[in-house]
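Asks: The structure file query-v4.cif (mmCIF, C-alpha atoms; chains and numbers go by the auth columns) is provided below.
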```cif
data_work
#
loop_
_atom_site.group_PDB
_atom_site.id
_atom_site.type_symbol
_atom_site.label_atom_id
_atom_site.label_comp_id
_atom_site.label_asym_id
_atom_site.label_seq_id
_atom_site.Cartn_x
_atom_site.Cartn_y
_atom_site.Cartn_z
_atom_site.B_iso_or_equiv
_atom_site.auth_seq_id
_atom_site.auth_asym_id
ATOM 1 C CA MET A 1 43.640 60.842 17.960 0.00 105 A
ATOM 2 C CA ALA A 2 40.465 60.069 15.976 0.00 106 A
ATOM 3 C CA LYS A 3 37.115 60.571 17.653 0.00 107 A
ATOM 4 C CA THR A 4 35.034 57.458 18.240 0.00 108 A
ATOM 5 C CA PRO A 5 31.829 57.652 16.192 0.00 109 A
ATOM 6 C CA ILE A 6 28.741 57.793 18.393 0.00 110 A
ATOM 7 C CA GLN A 7 25.391 56.992 16.835 0.00 111 A
ATOM 8 C CA ILE A 8 22.176 58.047 18.588 0.00 112 A
ATOM 9 C CA VAL A 9 18.964 56.294 17.515 0.00 113 A
ATOM 10 C CA GLN A 10 15.398 56.547 18.703 0.00 114 A
ATOM 11 C CA VAL A 11 14.316 53.149 19.967 0.00 115 A
ATOM 12 C CA ASP A 12 11.834 51.234 17.893 0.00 116 A
ATOM 13 C CA TYR A 13 10.190 49.167 20.625 0.00 117 A
ATOM 14 C CA HIS A 14 9.300 46.524 18.015 0.00 118 A
ATOM 15 C CA ASN A 15 12.936 46.098 16.930 0.00 119 A
ATOM 16 C CA SER A 16 14.336 43.065 18.760 0.00 120 A
ATOM 17 C CA GLN A 17 17.916 44.417 18.826 0.00 121 A
ATOM 18 C CA HIS A 18 16.773 47.756 20.254 0.00 122 A
ATOM 19 C CA ALA A 19 14.680 45.880 22.827 0.00 123 A
ATOM 20 C CA ARG A 20 17.637 43.725 23.934 0.00 124 A
ATOM 21 C CA ASP A 21 19.956 46.713 24.148 0.00 125 A
ATOM 22 C CA LEU A 22 17.437 48.786 26.126 0.00 126 A
ATOM 23 C CA VAL A 23 16.966 46.031 28.710 0.00 127 A
ATOM 24 C CA LEU A 24 20.716 45.340 28.874 0.00 128 A
ATOM 25 C CA LEU A 25 21.525 48.986 29.579 0.00 129 A
ATOM 26 C CA LEU A 26 18.678 49.525 32.032 0.00 130 A
ATOM 27 C CA ASP A 27 19.656 46.394 33.957 0.00 131 A
ATOM 28 C CA GLU A 28 23.222 47.689 34.138 0.00 132 A
ATOM 29 C CA TYR A 29 21.881 50.933 35.584 0.00 133 A
ATOM 30 C CA ALA A 30 19.624 49.119 38.058 0.00 134 A
ATOM 31 C CA THR A 31 22.568 47.118 39.437 0.00 135 A
ATOM 32 C CA ASP A 32 24.675 50.259 39.911 0.00 136 A
ATOM 33 C CA VAL A 33 24.479 51.923 43.334 0.00 137 A
ATOM 34 C CA MET A 34 23.045 55.047 41.641 0.00 138 A
ATOM 35 C CA GLY A 35 20.243 52.911 40.207 0.00 139 A
ATOM 36 C CA GLY A 36 19.428 51.164 43.492 0.00 140 A
ATOM 37 C CA GLY A 37 21.910 48.280 43.299 0.00 141 A
ATOM 38 C CA ILE A 38 19.308 45.624 42.464 0.00 142 A
ATOM 39 C CA PRO A 39 19.032 43.961 39.043 0.00 143 A
ATOM 40 C CA LEU A 40 15.779 44.112 37.116 0.00 144 A
ATOM 41 C CA THR A 41 13.484 41.195 37.839 0.00 145 A
ATOM 42 C CA ASP A 42 12.935 38.580 35.149 0.00 146 A
ATOM 43 C CA LEU A 43 9.360 39.829 34.806 0.00 147 A
ATOM 44 C CA VAL A 44 10.522 43.412 34.180 0.00 148 A
ATOM 45 C CA LYS A 45 13.130 42.223 31.675 0.00 149 A
ATOM 46 C CA LYS A 46 10.440 40.256 29.860 0.00 150 A
ATOM 47 C CA THR A 47 7.696 42.920 29.821 0.00 151 A
ATOM 48 C CA LEU A 48 9.420 46.316 29.918 0.00 152 A
ATOM 49 C CA VAL A 49 9.734 46.954 26.205 0.00 153 A
ATOM 50 C CA SER A 50 6.228 45.752 25.364 0.00 154 A
ATOM 51 C CA GLU A 51 4.836 47.970 28.118 0.00 155 A
ATOM 52 C CA LEU A 52 6.798 50.968 26.831 0.00 156 A
ATOM 53 C CA SER A 53 5.477 50.310 23.324 0.00 157 A
ATOM 54 C CA LYS A 54 1.902 50.707 24.618 0.00 158 A
ATOM 55 C CA ARG A 55 2.601 54.250 25.795 0.00 159 A
ATOM 56 C CA SER A 56 2.561 56.895 23.088 0.00 160 A
ATOM 57 C CA PHE A 57 4.215 59.310 25.511 0.00 161 A
ATOM 58 C CA ALA A 58 7.288 57.062 26.037 0.00 162 A
ATOM 59 C CA LEU A 59 10.512 57.826 24.213 0.00 163 A
ATOM 60 C CA SER A 60 13.860 56.025 24.414 0.00 164 A
ATOM 61 C CA LEU A 61 17.187 56.793 22.785 0.00 165 A
ATOM 62 C CA LEU A 62 20.126 54.432 22.401 0.00 166 A
ATOM 63 C CA ALA A 63 23.747 55.441 21.926 0.00 167 A
ATOM 64 C CA TYR A 64 26.032 53.100 20.017 0.00 168 A
ATOM 65 C CA VAL A 65 29.815 53.283 19.799 0.00 169 A
ATOM 66 C CA ASP A 66 31.220 51.230 16.945 0.00 170 A
ATOM 67 C CA GLY A 67 27.923 49.336 16.833 0.00 171 A
ATOM 68 C CA LYS A 68 28.023 48.423 20.549 0.00 172 A
ATOM 69 C CA PRO A 69 25.294 49.618 22.935 0.00 173 A
ATOM 70 C CA ALA A 70 26.860 52.321 25.083 0.00 174 A
ATOM 71 C CA GLY A 71 24.091 54.515 26.486 0.00 175 A
ATOM 72 C CA LEU A 72 20.358 54.869 27.003 0.00 176 A
ATOM 73 C CA LEU A 73 17.967 57.698 27.749 0.00 177 A
ATOM 74 C CA ASN A 74 14.316 57.054 28.655 0.00 178 A
ATOM 75 C CA ALA A 75 11.914 59.996 28.675 0.00 179 A
ATOM 76 C CA PHE A 76 8.202 60.541 28.961 0.00 180 A
ATOM 77 C CA GLU A 77 6.093 63.371 27.628 0.00 181 A
ATOM 78 C CA GLY A 78 4.134 65.266 30.225 0.00 182 A
ATOM 79 C CA PHE A 79 2.257 68.543 30.211 0.00 183 A
ATOM 80 C CA SER A 80 2.922 71.913 31.816 0.00 184 A
ATOM 81 C CA THR A 81 -0.315 73.466 33.005 0.00 185 A
ATOM 82 C CA PHE A 82 1.460 76.793 33.613 0.00 186 A
ATOM 83 C CA ALA A 83 2.706 76.953 29.997 0.00 187 A
ATOM 84 C CA ALA A 84 -0.135 74.924 28.401 0.00 188 A
ATOM 85 C CA LYS A 85 2.513 73.028 26.455 0.00 189 A
ATOM 86 C CA PRO A 86 4.075 69.588 26.524 0.00 190 A
ATOM 87 C CA LEU A 87 7.325 68.872 28.372 0.00 191 A
ATOM 88 C CA LEU A 88 9.724 65.950 28.336 0.00 192 A
ATOM 89 C CA ASN A 89 10.785 64.336 31.605 0.00 193 A
ATOM 90 C CA ILE A 90 14.012 62.384 31.442 0.00 194 A
ATOM 91 C CA HIS A 91 13.561 59.330 33.615 0.00 195 A
ATOM 92 C CA ASP A 92 16.818 57.419 33.015 0.00 196 A
ATOM 93 C CA VAL A 93 20.246 58.232 31.616 0.00 197 A
ATOM 94 C CA ILE A 94 22.707 55.373 31.492 0.00 198 A
ATOM 95 C CA VAL A 95 26.206 55.090 30.027 0.00 199 A
ATOM 96 C CA PHE A 96 28.099 51.810 30.303 0.00 200 A
ATOM 97 C CA SER A 97 31.194 52.366 32.449 0.00 201 A
ATOM 98 C CA GLU A 98 33.552 51.413 29.610 0.00 202 A
ATOM 99 C CA PHE A 99 32.150 54.279 27.509 0.00 203 A
ATOM 100 C CA ARG A 100 32.103 57.006 30.158 0.00 204 A
ATOM 101 C CA GLY A 101 34.124 60.133 29.457 0.00 205 A
ATOM 102 C CA LYS A 102 33.230 60.101 25.744 0.00 206 A
ATOM 103 C CA LYS A 103 30.437 62.722 26.020 0.00 207 A
ATOM 104 C CA ILE A 104 27.739 60.105 25.368 0.00 208 A
ATOM 105 C CA SER A 105 25.377 61.605 27.951 0.00 209 A
ATOM 106 C CA GLN A 106 25.801 64.992 26.273 0.00 210 A
ATOM 107 C CA ARG A 107 24.956 63.494 22.875 0.00 211 A
ATOM 108 C CA LEU A 108 21.850 61.822 24.343 0.00 212 A
ATOM 109 C CA LEU A 109 20.815 65.123 25.936 0.00 213 A
ATOM 110 C CA GLU A 110 21.361 66.962 22.631 0.00 214 A
ATOM 111 C CA ALA A 111 19.137 64.436 20.883 0.00 215 A
ATOM 112 C CA ILE A 112 16.333 64.675 23.461 0.00 216 A
ATOM 113 C CA GLU A 113 16.529 68.473 23.356 0.00 217 A
ATOM 114 C CA SER A 114 16.115 68.395 19.590 0.00 218 A
ATOM 115 C CA ILE A 115 13.065 66.143 19.948 0.00 219 A
ATOM 116 C CA ALA A 116 11.642 68.462 22.624 0.00 220 A
ATOM 117 C CA TYR A 117 11.947 71.420 20.237 0.00 221 A
ATOM 118 C CA GLU A 118 10.292 69.419 17.447 0.00 222 A
ATOM 119 C CA ARG A 119 7.375 68.586 19.769 0.00 223 A
ATOM 120 C CA GLY A 120 6.942 72.190 20.883 0.00 224 A
ATOM 121 C CA CYS A 121 7.887 71.422 24.482 0.00 225 A
ATOM 122 C CA CYS A 122 8.349 74.242 26.955 0.00 226 A
ATOM 123 C CA LYS A 123 11.016 72.448 28.984 0.00 227 A
ATOM 124 C CA ILE A 124 12.879 69.257 29.782 0.00 228 A
ATOM 125 C CA THR A 125 12.880 68.013 33.356 0.00 229 A
ATOM 126 C CA LEU A 126 14.801 65.347 35.238 0.00 230 A
ATOM 127 C CA GLU A 127 15.618 64.209 38.732 0.00 231 A
ATOM 128 C CA VAL A 128 19.062 63.328 40.019 0.00 232 A
ATOM 129 C CA LEU A 129 20.318 61.974 43.330 0.00 233 A
ATOM 130 C CA SER A 130 22.016 64.571 45.512 0.00 234 A
ATOM 131 C CA GLY A 131 25.014 62.248 45.852 0.00 235 A
ATOM 132 C CA ASN A 132 25.431 61.660 42.116 0.00 236 A
ATOM 133 C CA GLN A 133 27.946 64.424 41.481 0.00 237 A
ATOM 134 C CA ILE A 134 29.063 63.025 38.116 0.00 238 A
ATOM 135 C CA ALA A 135 25.529 63.114 36.704 0.00 239 A
ATOM 136 C CA GLN A 136 24.881 66.525 38.237 0.00 240 A
ATOM 137 C CA ARG A 137 27.997 67.889 36.560 0.00 241 A
ATOM 138 C CA ALA A 138 26.904 66.473 33.189 0.00 242 A
ATOM 139 C CA TYR A 139 23.418 67.959 33.571 0.00 243 A
ATOM 140 C CA LYS A 140 24.735 71.351 34.709 0.00 244 A
ATOM 141 C CA ASN A 141 27.151 71.408 31.769 0.00 245 A
ATOM 142 C CA PHE A 142 24.135 70.946 29.515 0.00 246 A
ATOM 143 C CA GLY A 143 22.230 73.803 31.179 0.00 247 A
ATOM 144 C CA PHE A 144 20.018 72.048 33.729 0.00 248 A
ATOM 145 C CA LYS A 145 19.628 73.634 37.150 0.00 249 A
ATOM 146 C CA GLY A 146 17.419 73.457 40.204 0.00 250 A
ATOM 147 C CA TYR A 147 14.426 75.727 40.204 0.00 251 A
ATOM 148 C CA SER A 148 12.059 77.677 42.378 0.00 252 A
ATOM 149 C CA LEU A 149 8.992 79.685 41.511 0.00 253 A
ATOM 150 C CA ASP A 150 9.905 82.314 44.089 0.00 254 A
ATOM 151 C CA PRO A 151 13.161 82.196 46.084 0.00 255 A
ATOM 152 C CA SER A 152 11.249 82.845 49.316 0.00 256 A
ATOM 153 C CA THR A 153 9.339 79.541 48.898 0.00 257 A
ATOM 154 C CA GLY A 154 12.453 77.407 48.393 0.00 258 A
ATOM 155 C CA THR A 155 13.561 75.063 45.641 0.00 259 A
ATOM 156 C CA ALA A 156 11.585 72.245 44.093 0.00 260 A
ATOM 157 C CA LEU A 157 11.918 68.756 45.589 0.00 261 A
ATOM 158 C CA PHE A 158 11.166 65.425 43.952 0.00 262 A
ATOM 159 C CA TRP A 159 9.219 63.042 46.209 0.00 263 A
ATOM 160 C CA GLN A 160 7.581 59.676 45.729 0.00 264 A
ATOM 161 C CA LYS A 161 5.054 57.386 47.353 0.00 265 A
ATOM 162 C CA GLU A 162 5.392 53.751 46.341 0.00 266 A
ATOM 163 C CA LEU A 163 2.229 51.842 45.577 0.00 267 A
#
```
I'd like the structure from this file rewritten - as structure tokens, please.

Replies:
Amino acid sequence: MAKTPIQIVQVDYHNSQHARDLVLLLDEYATDVMGGGIPLTDLVKKTLVSELSKRSFALSLLAYVDGKPAGLLNAFEGFSTFAAKPLLNIHDVIVFSEFRGKKISQRLLEAIESIAYERGCCKITLEVLSGNQIAQRAYKNFGFKGYSLDPSTGTALFWQKEL
């Protein structure tokens, strides 16, 4: 059986097709239970890409299968004070359900890792829901793991305070 060609491209936020595909995929993720189960608002759909384009530290990758949008990864550059180097934080990874099982998330992760090396990053970070076993398995297969600075102080937790 022939492998389906997967193309990974860095989003050009000024490219109207990339913009449409980014919003389409992110809205799909938002409506999924793992994304909160609520579609993006019309305002977010209208302004998201232009807001991303204003942020030099934003980075998005699209995966296409036979020219169809299949996956998305949004990441943001941060900075590690302990390493005095940049890092990339993966904020979203989405694969349309019809394209799952084709290693698209792994291809997106490979691409972001390559970019992280090019930028001299010390690490790539992400957060994942404790109940999202499928995503956890994909991330673990790629080499991600929980971390602690010292086992006696426990593992890192990701918290938020909405504003």

Asks: Name all residues at most 9 Å from Glu202 of chain A (count all atoms listed in the file; drop same-chain ones fewer than 3 positions away) and give them as a PDB file with C-alpha atoms, in the coordinates of the input.

Replies:
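Once written, result-v7.pdb looks like this:
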```pdb
ATOM      1  CA  ALA A 174      26.860  52.321  25.083  1.00  0.00           C
ATOM      2  CA  VAL A 199      26.206  55.090  30.027  1.00  0.00           C
ATOM      3  CA  GLY A 205      34.124  60.133  29.457  1.00  0.00           C
TER       4      GLY A 205
END
```

Asks: For atom CA of Leu128 of chain A and atom CA of Thr151 of chain A, quote the distance in Å rounded to one decimal.

Replies: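 Pair atom CA of Leu128 of chain A / atom CA of Thr151 of chain A returns 13.3 Å.
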
Asks: Which residues would end up in the selection if the PyMOL selection byres ((chain A and resi 243-260) around 12) were applied here, given that I need the answer as a ChimeraX atom specification?

Replies: /A:186,194,197,207,209-217,227-234,236-242,261-263

Asks: Under the PyMOL selection byres ((chain A and resi 175) around 9), which residues of this model are included? Write them out as a ChimeraX atom specification.

Replies: /A:112,126,129,165-169,173-174,176-177,197-200,203,208-209,212

Asks: For the provided coordinates, the residues matched by the PyMOL selection byres ((chain A and resi 184) around 12) should be stated as a ChimeraX atom specification.

Replies: /A:181-183,185-193,224-229

Asks: From the set A:Val115, A:Lys149, A:Leu156, A:Pro109, which residue has the shortest atom-to-atom contact distance to Glu132 of chain A, counting all atoms listed in the file?

Replies: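 Of A:Val115, A:Lys149, A:Leu156, A:Pro109, the one nearest Glu132 of chain A is A:Lys149, counting all atoms listed in the file.
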
Asks: Have a look at atom CA of Asp131 of chain A and atom CA of Arg204 of chain A and let me know their distance in Å, one decimal.

Replies: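 The value is 16.8 Å.
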
Asks: Provide the atom CA of Val153 of chain A to atom CA of Arg124 of chain A distance in Å, to one decimal place.

Replies: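 We find that atom CA of Val153 of chain A and atom CA of Arg124 of chain A lie 8.8 Å from each other.
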
Asks: Using all atoms listed in the file, find the one residue out of A:Ala123, A:Ser154, A:Gly235, A:Gln114 that sits nearest to Ile219 of chain A.

Replies: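 Looking at the shortest contact to Ile219 of chain A, the residue is A:Gln114.
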
Asks: I'd like the box whose edges run along x, y and z of the file and which contains every listed atom of segment 117-131 of chain A, padded by 8 Å per side; could you state its centre and edge lengths in Å, one decimal, as AutoDock Vina command-line options?

Replies:
```
--center_x 15.4 --center_y 46.3 --center_z 25.4 --size_x 28.2 --size_y 22.5 --size_z 33.0
```

Asks: Near Phe161 of chain A, within 7 Å and counting only C-alpha atoms, which residues show up once chain neighbours fewer than 2 positions away are dropped, as a list in words?

Replies: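 Near Phe161 of chain A, the qualifying residues are Arg159, Leu163, Phe180 and Glu181 of chain A.
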
Asks: Kindly indicate which residue among A:Asp125, A:Asp146, A:Glu222, A:Asp196 lies nearest to Ala162 of chain A, using only C-alpha atoms for the distances.

Replies: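 Checking each candidate against Ala162 of chain A, we get A:Asp196 as the closest.
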
Asks: Since the input is missing atoms, can you rebuild N, CA, C and O atoms for segment 238-261 of chain A and write them as an mmCIF file, in the coordinates of the input?

Replies:
```
data_model
loop_
_atom_site.group_PDB
_atom_site.id
_atom_site.type_symbol
_atom_site.label_atom_id
_atom_site.label_comp_id
_atom_site.auth_asym_id
_atom_site.auth_seq_id
_atom_site.Cartn_x
_atom_site.Cartn_y
_atom_site.Cartn_z
ATOM 1 N N ILE A 238 28.673 63.167 39.529
ATOM 2 C CA ILE A 238 29.063 63.025 38.116
ATOM 3 C C ILE A 238 27.884 63.372 37.209
ATOM 4 O O ILE A 238 28.023 64.145 36.258
ATOM 5 N N ALA A 239 26.716 62.814 37.516
ATOM 6 C CA ALA A 239 25.529 63.114 36.704
ATOM 7 C C ALA A 239 25.155 64.589 36.843
ATOM 8 O O ALA A 239 24.829 65.243 35.834
ATOM 9 N N GLN A 240 25.212 65.114 38.051
ATOM 10 C CA GLN A 240 24.881 66.525 38.237
ATOM 11 C C GLN A 240 25.783 67.418 37.390
ATOM 12 O O GLN A 240 25.311 68.380 36.776
ATOM 13 N N ARG A 241 27.053 67.096 37.354
ATOM 14 C CA ARG A 241 27.997 67.889 36.560
ATOM 15 C C ARG A 241 27.634 67.823 35.073
ATOM 16 O O ARG A 241 27.616 68.844 34.384
ATOM 17 N N ALA A 242 27.286 66.624 34.597
ATOM 18 C CA ALA A 242 26.904 66.473 33.189
ATOM 19 C C ALA A 242 25.643 67.286 32.889
ATOM 20 O O ALA A 242 25.560 67.962 31.860
ATOM 21 N N TYR A 243 24.663 67.230 33.786
ATOM 22 C CA TYR A 243 23.418 67.959 33.571
ATOM 23 C C TYR A 243 23.642 69.474 33.631
ATOM 24 O O TYR A 243 23.105 70.233 32.828
ATOM 25 N N LYS A 244 24.436 69.914 34.605
ATOM 26 C CA LYS A 244 24.735 71.351 34.709
ATOM 27 C C LYS A 244 25.475 71.839 33.467
ATOM 28 O O LYS A 244 25.196 72.933 32.967
ATOM 29 N N ASN A 245 26.420 71.033 32.983
ATOM 30 C CA ASN A 245 27.151 71.408 31.769
ATOM 31 C C ASN A 245 26.225 71.568 30.579
ATOM 32 O O ASN A 245 26.509 72.329 29.656
ATOM 33 N N PHE A 246 25.096 70.859 30.605
ATOM 34 C CA PHE A 246 24.135 70.946 29.515
ATOM 35 C C PHE A 246 23.121 72.068 29.738
ATOM 36 O O PHE A 246 22.342 72.380 28.839
ATOM 37 N N GLY A 247 23.117 72.670 30.923
ATOM 38 C CA GLY A 247 22.230 73.803 31.179
ATOM 39 C C GLY A 247 21.103 73.534 32.160
ATOM 40 O O GLY A 247 20.280 74.415 32.428
ATOM 41 N N PHE A 248 21.032 72.337 32.722
ATOM 42 C CA PHE A 248 20.018 72.048 33.729
ATOM 43 C C PHE A 248 20.410 72.723 35.044
ATOM 44 O O PHE A 248 21.590 72.912 35.326
ATOM 45 N N LYS A 249 19.392 73.053 35.827
ATOM 46 C CA LYS A 249 19.628 73.634 37.150
ATOM 47 C C LYS A 249 18.388 73.418 37.998
ATOM 48 O O LYS A 249 17.296 73.150 37.479
ATOM 49 N N GLY A 250 18.561 73.516 39.309
ATOM 50 C CA GLY A 250 17.419 73.457 40.204
ATOM 51 C C GLY A 250 16.526 74.663 39.954
ATOM 52 O O GLY A 250 16.933 75.629 39.311
ATOM 53 N N TYR A 251 15.301 74.588 40.447
ATOM 54 C CA TYR A 251 14.426 75.727 40.204
ATOM 55 C C TYR A 251 13.534 76.015 41.398
ATOM 56 O O TYR A 251 13.295 75.182 42.260
ATOM 57 N N SER A 252 13.068 77.246 41.420
ATOM 58 C CA SER A 252 12.059 77.677 42.378
ATOM 59 C C SER A 252 11.146 78.644 41.639
ATOM 60 O O SER A 252 11.547 79.273 40.660
ATOM 61 N N LEU A 253 9.925 78.723 42.092
ATOM 62 C CA LEU A 253 8.992 79.685 41.511
ATOM 63 C C LEU A 253 9.219 81.066 42.099
ATOM 64 O O LEU A 253 9.057 82.084 41.432
ATOM 65 N N ASP A 254 9.604 81.083 43.366
ATOM 66 C CA ASP A 254 9.905 82.314 44.089
ATOM 67 C C ASP A 254 10.961 81.923 45.122
ATOM 68 O O ASP A 254 10.735 80.997 45.908
ATOM 69 N N PRO A 255 12.099 82.586 45.143
ATOM 70 C CA PRO A 255 13.161 82.196 46.084
ATOM 71 C C PRO A 255 12.705 82.105 47.543
ATOM 72 O O PRO A 255 13.225 81.301 48.304
ATOM 73 N N SER A 256 11.706 82.881 47.923
ATOM 74 C CA SER A 256 11.249 82.845 49.316
ATOM 75 C C SER A 256 10.504 81.548 49.656
ATOM 76 O O SER A 256 10.366 81.216 50.833
ATOM 77 N N THR A 257 10.065 80.795 48.630
ATOM 78 C CA THR A 257 9.339 79.541 48.898
ATOM 79 C C THR A 257 10.242 78.326 48.807
ATOM 80 O O THR A 257 9.790 77.202 49.044
ATOM 81 N N GLY A 258 11.498 78.519 48.461
ATOM 82 C CA GLY A 258 12.453 77.407 48.393
ATOM 83 C C GLY A 258 12.516 76.768 47.019
ATOM 84 O O GLY A 258 11.836 77.174 46.076
ATOM 85 N N THR A 259 13.368 75.753 46.915
ATOM 86 C CA THR A 259 13.561 75.063 45.641
ATOM 87 C C THR A 259 12.658 73.844 45.550
ATOM 88 O O THR A 259 12.211 73.305 46.559
ATOM 89 N N ALA A 260 12.432 73.409 44.340
ATOM 90 C CA ALA A 260 11.585 72.245 44.093
ATOM 91 C C ALA A 260 12.258 70.986 44.628
ATOM 92 O O ALA A 260 13.473 70.844 44.578
ATOM 93 N N LEU A 261 11.457 70.053 45.116
ATOM 94 C CA LEU A 261 11.918 68.756 45.589
ATOM 95 C C LEU A 261 11.180 67.679 44.810
ATOM 96 O O LEU A 261 10.030 67.869 44.433
#
```
